[in-house]
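**Q** Enclosed is the structure file input-v7.pdb (PDB, N, CA and C atoms).
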ATOM      1  N   MET A 261      16.740  57.966  -0.522
ATOM      2  CA  MET A 261      17.054  56.597  -0.889
ATOM      3  C   MET A 261      18.284  56.153  -0.094
ATOM      4  N   SER A 262      18.200  54.976   0.567
ATOM      5  CA  SER A 262      19.312  54.515   1.393
ATOM      6  C   SER A 262      20.239  53.609   0.582
ATOM      7  N   ALA A 263      21.453  53.510   1.067
ATOM      8  CA  ALA A 263      22.442  52.659   0.401
ATOM      9  C   ALA A 263      22.140  51.187   0.684
ATOM     10  N   VAL A 264      22.421  50.358  -0.272
ATOM     11  CA  VAL A 264      22.209  48.920  -0.131
ATOM     12  C   VAL A 264      23.408  48.320   0.594
ATOM     13  N   THR A 265      23.130  47.483   1.573
ATOM     14  CA  THR A 265      24.227  46.874   2.334
ATOM     15  C   THR A 265      24.712  45.603   1.641
ATOM     16  N   TYR A 266      25.888  45.176   2.048
ATOM     17  CA  TYR A 266      26.476  43.942   1.507
ATOM     18  C   TYR A 266      25.570  42.748   1.802
ATOM     19  N   ALA A 267      25.012  42.697   3.018
ATOM     20  CA  ALA A 267      24.137  41.584   3.409
ATOM     21  C   ALA A 267      22.870  41.538   2.562
ATOM     22  N   GLU A 268      22.377  42.679   2.130
ATOM     23  CA  GLU A 268      21.190  42.714   1.265
ATOM     24  C   GLU A 268      21.524  42.240  -0.147
ATOM     25  N   LEU A 269      22.716  42.589  -0.617
ATOM     26  CA  LEU A 269      23.120  42.160  -1.953
ATOM     27  C   LEU A 269      23.451  40.681  -2.008
ATOM     28  N   PHE A 270      24.080  40.183  -0.964
ATOM     29  CA  PHE A 270      24.533  38.794  -0.928
ATOM     30  C   PHE A 270      24.034  38.112   0.339
ATOM     31  N   PRO A 271      22.752  37.734   0.380
ATOM     32  CA  PRO A 271      22.223  37.086   1.584
ATOM     33  C   PRO A 271      22.828  35.702   1.768
ATOM     34  N   GLU A 272      22.902  35.257   3.013
ATOM     35  CA  GLU A 272      23.432  33.931   3.302
ATOM     36  C   GLU A 272      22.420  32.890   2.845
ATOM     37  N   VAL A 273      22.867  31.971   2.030
ATOM     38  CA  VAL A 273      21.993  30.946   1.466
ATOM     39  C   VAL A 273      22.214  29.641   2.229
ATOM     40  N   PRO A 274      21.149  29.020   2.707
ATOM     41  CA  PRO A 274      21.351  27.756   3.426
ATOM     42  C   PRO A 274      21.816  26.657   2.475
ATOM     43  N   PRO A 275      22.591  25.704   2.957
ATOM     44  CA  PRO A 275      23.054  24.622   2.085
ATOM     45  C   PRO A 275      21.900  23.720   1.669
ATOM     46  N   ASP A 276      22.085  23.019   0.560
ATOM     47  CA  ASP A 276      21.089  22.044   0.118
ATOM     48  C   ASP A 276      20.947  20.973   1.189
ATOM     49  N   ARG A 277      19.791  20.343   1.203
ATOM     50  CA  ARG A 277      19.625  19.279   2.186
ATOM     51  C   ARG A 277      20.532  18.112   1.807
ATOM     52  N   PRO A 278      21.062  17.426   2.786
ATOM     53  CA  PRO A 278      21.992  16.331   2.495
ATOM     54  C   PRO A 278      21.308  15.164   1.790
ATOM     55  N   ALA A 279      22.077  14.428   1.043
ATOM     56  CA  ALA A 279      21.590  13.243   0.333
ATOM     57  C   ALA A 279      22.529  12.088   0.651
ATOM     58  N   HIS A 280      22.061  10.874   0.430
ATOM     59  CA  HIS A 280      22.880   9.689   0.678
ATOM     60  C   HIS A 280      23.476   9.183  -0.632
ATOM     61  N   CYS A 281      24.753   8.891  -0.608
ATOM     62  CA  CYS A 281      25.456   8.378  -1.783
ATOM     63  C   CYS A 281      24.943   6.984  -2.116
ATOM     64  N   CYS A 282      24.656   6.731  -3.390
ATOM     65  CA  CYS A 282      24.148   5.427  -3.820
ATOM     66  C   CYS A 282      25.245   4.368  -3.821
ATOM     67  N   ASN A 283      26.507   4.775  -3.709
ATOM     68  CA  ASN A 283      27.613   3.828  -3.758
ATOM     69  C   ASN A 283      28.115   3.452  -2.360
ATOM     70  N   CYS A 284      28.458   4.453  -1.565
ATOM     71  CA  CYS A 284      29.026   4.165  -0.239
ATOM     72  C   CYS A 284      28.037   4.369   0.897
ATOM     73  N   GLY A 285      26.918   5.040   0.626
ATOM     74  CA  GLY A 285      25.895   5.238   1.644
ATOM     75  C   GLY A 285      26.137   6.406   2.578
ATOM     76  N   ARG A 286      27.268   7.100   2.421
ATOM     77  CA  ARG A 286      27.543   8.246   3.292
ATOM     78  C   ARG A 286      26.623   9.407   2.942
ATOM     79  N   GLU A 287      26.386  10.259   3.927
ATOM     80  CA  GLU A 287      25.598  11.462   3.704
ATOM     81  C   GLU A 287      26.508  12.527   3.105
ATOM     82  N   THR A 288      26.034  13.227   2.087
ATOM     83  CA  THR A 288      26.834  14.264   1.442
ATOM     84  C   THR A 288      26.007  15.522   1.253
ATOM     85  N   THR A 289      26.659  16.670   1.394
ATOM     86  CA  THR A 289      25.984  17.942   1.145
ATOM     87  C   THR A 289      26.304  18.459  -0.258
ATOM     88  N   ALA A 290      27.081  17.689  -1.015
ATOM     89  CA  ALA A 290      27.428  18.058  -2.388
ATOM     90  C   ALA A 290      27.096  16.895  -3.319
ATOM     91  N   PRO A 291      25.797  16.501  -3.416
ATOM     92  CA  PRO A 291      25.454  15.348  -4.247
ATOM     93  C   PRO A 291      25.665  15.613  -5.740
ATOM     94  N   VAL A 292      26.108  14.570  -6.437
ATOM     95  CA  VAL A 292      26.311  14.626  -7.886
ATOM     96  C   VAL A 292      25.318  13.642  -8.502
ATOM     97  N   THR A 293      24.472  14.123  -9.402
ATOM     98  CA  THR A 293      23.500  13.240 -10.044
ATOM     99  C   THR A 293      24.225  12.343 -11.032
ATOM    100  N   VAL A 294      24.086  11.032 -10.850
ATOM    101  CA  VAL A 294      24.783  10.070 -11.705
ATOM    102  C   VAL A 294      23.813   9.221 -12.527
ATOM    103  N   GLY A 295      22.539   9.416 -12.354
ATOM    104  CA  GLY A 295      21.581   8.636 -13.136
ATOM    105  C   GLY A 295      20.155   8.980 -12.778
ATOM    106  N   TYR A 296      19.246   8.327 -13.444
ATOM    107  CA  TYR A 296      17.823   8.548 -13.263
ATOM    108  C   TYR A 296      17.151   7.191 -13.165
ATOM    109  N   VAL A 297      16.316   7.008 -12.155
ATOM    110  CA  VAL A 297      15.619   5.742 -11.965
ATOM    111  C   VAL A 297      14.157   5.956 -12.318
ATOM    112  N   PRO A 298      13.681   5.363 -13.435
ATOM    113  CA  PRO A 298      12.281   5.548 -13.824
ATOM    114  C   PRO A 298      11.347   4.774 -12.905
ATOM    115  N   SER A 299      10.103   5.189 -12.874
ATOM    116  CA  SER A 299       9.091   4.520 -12.068
ATOM    117  C   SER A 299       7.838   4.342 -12.907
ATOM    118  N   ALA A 300       7.217   3.174 -12.828
ATOM    119  CA  ALA A 300       6.010   2.909 -13.604
ATOM    120  C   ALA A 300       4.792   3.570 -12.979
ATOM    121  N   SER A 301       4.836   3.855 -11.685
ATOM    122  CA  SER A 301       3.655   4.382 -11.014
ATOM    123  C   SER A 301       3.742   5.869 -10.697
ATOM    124  N   GLY A 302       4.700   6.567 -11.238
ATOM    125  CA  GLY A 302       4.841   7.999 -10.976
ATOM    126  C   GLY A 302       6.170   8.499 -11.505
ATOM    127  N   PRO A 303       6.522   9.704 -11.104
ATOM    128  CA  PRO A 303       7.793  10.239 -11.586
ATOM    129  C   PRO A 303       8.971   9.472 -11.007
ATOM    130  N   GLY A 304      10.012   9.371 -11.758
ATOM    131  CA  GLY A 304      11.218   8.702 -11.288
ATOM    132  C   GLY A 304      11.993   9.628 -10.367
ATOM    133  N   TYR A 305      13.210   9.237 -10.056
ATOM    134  CA  TYR A 305      14.031  10.067  -9.189
ATOM    135  C   TYR A 305      15.481  10.002  -9.639
ATOM    136  N   GLY A 306      16.220  11.032  -9.249
ATOM    137  CA  GLY A 306      17.635  11.078  -9.585
ATOM    138  C   GLY A 306      18.446  10.228  -8.634
ATOM    139  N   ARG A 307      19.431   9.559  -9.161
ATOM    140  CA  ARG A 307      20.355   8.752  -8.359
ATOM    141  C   ARG A 307      21.575   9.619  -8.119
ATOM    142  N   VAL A 308      21.977   9.783  -6.856
ATOM    143  CA  VAL A 308      23.075  10.688  -6.530
ATOM    144  C   VAL A 308      24.220   9.944  -5.846
ATOM    145  N   ALA A 309      25.403  10.505  -5.995
ATOM    146  CA  ALA A 309      26.604   9.960  -5.368
ATOM    147  C   ALA A 309      27.385  11.113  -4.761
ATOM    148  N   CYS A 310      28.267  10.789  -3.830
ATOM    149  CA  CYS A 310      29.139  11.815  -3.263
ATOM    150  C   CYS A 310      30.221  12.139  -4.305
ATOM    151  N   PRO A 311      30.881  13.286  -4.192
ATOM    152  CA  PRO A 311      31.901  13.647  -5.175
ATOM    153  C   PRO A 311      33.026  12.616  -5.313
ATOM    154  N   ASP A 312      33.357  11.896  -4.223
ATOM    155  CA  ASP A 312      34.421  10.886  -4.295
ATOM    156  C   ASP A 312      33.996   9.673  -5.108
ATOM    157  N   CYS A 313      32.737   9.264  -4.989
ATOM    158  CA  CYS A 313      32.249   8.053  -5.658
ATOM    159  C   CYS A 313      31.705   8.306  -7.065
ATOM    160  N   ALA A 314      31.353   9.545  -7.389
ATOM    161  CA  ALA A 314      30.700   9.838  -8.672
ATOM    162  C   ALA A 314      31.459   9.291  -9.882
ATOM    163  N   PRO A 315      32.791   9.425  -9.965
ATOM    164  CA  PRO A 315      33.487   8.883 -11.140
ATOM    165  C   PRO A 315      33.464   7.358 -11.208
ATOM    166  N   LYS A 316      33.240   6.689 -10.076
ATOM    167  CA  LYS A 316      33.268   5.226 -10.027
ATOM    168  C   LYS A 316      31.917   4.575 -10.318
ATOM    169  N   VAL A 317      30.831   5.347 -10.226
ATOM    170  CA  VAL A 317      29.490   4.785 -10.395
ATOM    171  C   VAL A 317      29.182   4.605 -11.876
ATOM    172  N   ALA A 318      28.663   3.431 -12.222
ATOM    173  CA  ALA A 318      28.304   3.157 -13.616
ATOM    174  C   ALA A 318      27.166   4.090 -14.040
ATOM    175  N   PRO A 319      27.250   4.669 -15.232
ATOM    176  CA  PRO A 319      26.199   5.577 -15.675
ATOM    177  C   PRO A 319      24.884   4.838 -15.917
ATOM    178  N   MET A 320      23.800   5.547 -15.706
ATOM    179  CA  MET A 320      22.459   5.009 -15.942
ATOM    180  C   MET A 320      21.805   5.831 -17.040
ATOM    181  N   PRO A 321      20.764   5.298 -17.653
ATOM    182  CA  PRO A 321      20.099   6.066 -18.715
ATOM    183  C   PRO A 321      19.415   7.307 -18.170
ATOM    184  N   GLU A 322      19.284   8.296 -19.037
ATOM    185  CA  GLU A 322      18.573   9.515 -18.675
ATOM    186  C   GLU A 322      17.084   9.305 -18.883
ATOM    187  N   PRO A 323      16.246  10.168 -18.301
ATOM    188  CA  PRO A 323      14.808  10.006 -18.484
ATOM    189  C   PRO A 323      14.417  10.186 -19.951
ATOM    190  N   TYR A 324      13.339   9.533 -20.335
ATOM    191  CA  TYR A 324      12.839   9.650 -21.700
ATOM    192  C   TYR A 324      12.323  11.048 -21.927
ATOM    193  N   ARG A 325      12.788  11.663 -22.979
ATOM    194  CA  ARG A 325      12.330  13.005 -23.344
ATOM    195  C   ARG A 325      11.812  12.953 -24.784
ATOM    196  N   PRO A 326      10.487  12.931 -24.943
ATOM    197  CA  PRO A 326       9.952  12.869 -26.294
ATOM    198  C   PRO A 326      10.317  14.121 -27.096
ATOM    199  N   THR A 327      10.546  13.936 -28.359
ATOM    200  CA  THR A 327      10.844  15.070 -29.218
ATOM    201  C   THR A 327       9.587  15.492 -29.963
ATOM    202  N   LEU A 328       9.427  16.764 -30.075
ATOM    203  CA  LEU A 328       8.270  17.293 -30.805
ATOM    204  C   LEU A 328       8.690  17.543 -32.252
ATOM    205  N   THR A 329       8.010  16.912 -33.163
ATOM    206  CA  THR A 329       8.360  17.119 -34.582
ATOM    207  C   THR A 329       7.205  17.687 -35.332
TER     208      THR A 329
END
For the structure just supplied, provide its representation as structure tokens.
**A**
Amino acid sequence: MSAVTYAELFPEVPPDRPAHCCNCGRETTAPVTVGYVPSASGPGYGRVACPDCAPKVAPMPEPYRPTLT
């Protein structure tokens, strides 16, 4: 049995794909989800902002989650 290397234990993970900030329009590799935009014709999507703009963006409602009773 061979020893496990550091690279095998901790492989290099590629960064998330960049997203555009909904407030300033800049591209960010650290998007923060600030809301959810529903769609009548399919699934909605998350609204994202850069870390600098996230505290300034007005909150939006979360997606509807039915409760099972």
**Q** Using all atoms listed in the file, find each residue in stretch 271-290 of chain A having at least one atom no more than 6 Å away from stretch 309-322 of chain A; report its shortest atom-to-atom pair and that distance in Å (one decimal), rows by chain then rising number, as a Markdown table.
**A**
| residue | atom | partner | partner_atom | distance |
| --- | --- | --- | --- | --- |
| A:His280 | C | A:Ala309 | CA | 5.7 |
| A:Cys281 | CA | A:Ala309 | CA | 4.1 |
| A:Cys282 | N | A:Ala309 | CA | 4.3 |
| A:Asn283 | N | A:Ala309 | CA | 5.4 |
| A:Thr288 | CA | A:Cys310 | CA | 5.8 |
| A:Ala290 | C | A:Pro311 | N | 5.3 |
**Q** Between atom CA of A:Gly306 and atom CA of A:Arg286, what distance in Å does the model show, to one decimal?
**A**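 Answer for the atom CA of A:Gly306 to atom CA of A:Arg286 separation: 16.5 Å.
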**Q** Once the PyMOL selection byres ((chain A and resi 296) around 5) is applied to the coordinates I shared, what remains selected? I want it as a ChimeraX atom specification.
**A** /A:294-295,297-298,305-307,321
**Q** Nearest residue to A:Pro291 out of A:Pro274, A:Val264, A:Ala279, A:Gly304, using only N, CA and C atoms?
**A**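 Using only N, CA and C atoms, A:Pro291 sits closest to A:Ala279.
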**Q** Rounded to one decimal in Å, what is the spacing between atom CA of A:Thr289 and atom N of A:Phe270?
**A**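 That distance, rounded to one decimal, is 22.4 Å.
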**Q** Since fewer atoms than expected are present, regenerate N, CA, C and O atoms for stretch 274-298 of chain A and write them as a CSV table (one decimal), in the frame of the given file.
**A**
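Listing of rebuild_2.csv after writing:
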chain,number,residue,atom,x,y,z
A,274,PRO,N,21.1,29.0,2.7
A,274,PRO,CA,21.4,27.8,3.4
A,274,PRO,C,21.8,26.7,2.5
A,274,PRO,O,21.5,26.7,1.3
A,275,PRO,N,22.6,25.7,3.0
A,275,PRO,CA,23.1,24.6,2.1
A,275,PRO,C,21.9,23.7,1.7
A,275,PRO,O,20.9,23.7,2.3
A,276,ASP,N,22.1,23.0,0.6
A,276,ASP,CA,21.1,22.0,0.1
A,276,ASP,C,20.9,21.0,1.2
A,276,ASP,O,21.9,20.7,1.9
A,277,ARG,N,19.8,20.3,1.2
A,277,ARG,CA,19.6,19.3,2.2
A,277,ARG,C,20.5,18.1,1.8
A,277,ARG,O,20.8,17.8,0.6
A,278,PRO,N,21.1,17.4,2.8
A,278,PRO,CA,22.0,16.3,2.5
A,278,PRO,C,21.3,15.2,1.8
A,278,PRO,O,20.1,15.0,1.9
A,279,ALA,N,22.1,14.4,1.0
A,279,ALA,CA,21.6,13.2,0.3
A,279,ALA,C,22.5,12.1,0.7
A,279,ALA,O,23.7,12.3,1.1
A,280,HIS,N,22.1,10.9,0.4
A,280,HIS,CA,22.9,9.7,0.7
A,280,HIS,C,23.5,9.2,-0.6
A,280,HIS,O,22.8,9.1,-1.6
A,281,CYS,N,24.8,8.9,-0.6
A,281,CYS,CA,25.5,8.4,-1.8
A,281,CYS,C,24.9,7.0,-2.1
A,281,CYS,O,24.8,6.1,-1.2
A,282,CYS,N,24.7,6.7,-3.4
A,282,CYS,CA,24.1,5.4,-3.8
A,282,CYS,C,25.2,4.4,-3.8
A,282,CYS,O,25.0,3.2,-3.9
A,283,ASN,N,26.5,4.8,-3.7
A,283,ASN,CA,27.6,3.8,-3.8
A,283,ASN,C,28.1,3.5,-2.4
A,283,ASN,O,28.1,2.3,-2.0
A,284,CYS,N,28.5,4.5,-1.6
A,284,CYS,CA,29.0,4.2,-0.2
A,284,CYS,C,28.0,4.4,0.9
A,284,CYS,O,28.3,3.9,2.0
A,285,GLY,N,26.9,5.0,0.6
A,285,GLY,CA,25.9,5.2,1.6
A,285,GLY,C,26.1,6.4,2.6
A,285,GLY,O,25.3,6.7,3.4
A,286,ARG,N,27.3,7.1,2.4
A,286,ARG,CA,27.5,8.2,3.3
A,286,ARG,C,26.6,9.4,2.9
A,286,ARG,O,26.2,9.5,1.8
A,287,GLU,N,26.4,10.3,3.9
A,287,GLU,CA,25.6,11.5,3.7
A,287,GLU,C,26.5,12.5,3.1
A,287,GLU,O,27.6,12.7,3.6
A,288,THR,N,26.0,13.2,2.1
A,288,THR,CA,26.8,14.3,1.4
A,288,THR,C,26.0,15.5,1.3
A,288,THR,O,24.8,15.5,1.0
A,289,THR,N,26.7,16.7,1.4
A,289,THR,CA,26.0,17.9,1.1
A,289,THR,C,26.3,18.5,-0.3
A,289,THR,O,25.9,19.5,-0.6
A,290,ALA,N,27.1,17.7,-1.0
A,290,ALA,CA,27.4,18.1,-2.4
A,290,ALA,C,27.1,16.9,-3.3
A,290,ALA,O,28.0,16.3,-3.9
A,291,PRO,N,25.8,16.5,-3.4
A,291,PRO,CA,25.5,15.3,-4.2
A,291,PRO,C,25.7,15.6,-5.7
A,291,PRO,O,25.5,16.7,-6.2
A,292,VAL,N,26.1,14.6,-6.4
A,292,VAL,CA,26.3,14.6,-7.9
A,292,VAL,C,25.3,13.6,-8.5
A,292,VAL,O,25.3,12.5,-8.2
A,293,THR,N,24.5,14.1,-9.4
A,293,THR,CA,23.5,13.2,-10.0
A,293,THR,C,24.2,12.3,-11.0
A,293,THR,O,24.9,12.8,-11.9
A,294,VAL,N,24.1,11.0,-10.8
A,294,VAL,CA,24.8,10.1,-11.7
A,294,VAL,C,23.8,9.2,-12.5
A,294,VAL,O,24.3,8.4,-13.3
A,295,GLY,N,22.5,9.4,-12.4
A,295,GLY,CA,21.6,8.6,-13.1
A,295,GLY,C,20.2,9.0,-12.8
A,295,GLY,O,19.9,9.8,-11.9
A,296,TYR,N,19.2,8.3,-13.4
A,296,TYR,CA,17.8,8.5,-13.3
A,296,TYR,C,17.2,7.2,-13.2
A,296,TYR,O,17.4,6.3,-14.0
A,297,VAL,N,16.3,7.0,-12.2
A,297,VAL,CA,15.6,5.7,-12.0
A,297,VAL,C,14.2,6.0,-12.3
A,297,VAL,O,13.4,6.7,-11.6
A,298,PRO,N,13.7,5.4,-13.4
A,298,PRO,CA,12.3,5.5,-13.8
A,298,PRO,C,11.3,4.8,-12.9
A,298,PRO,O,11.7,3.8,-12.2
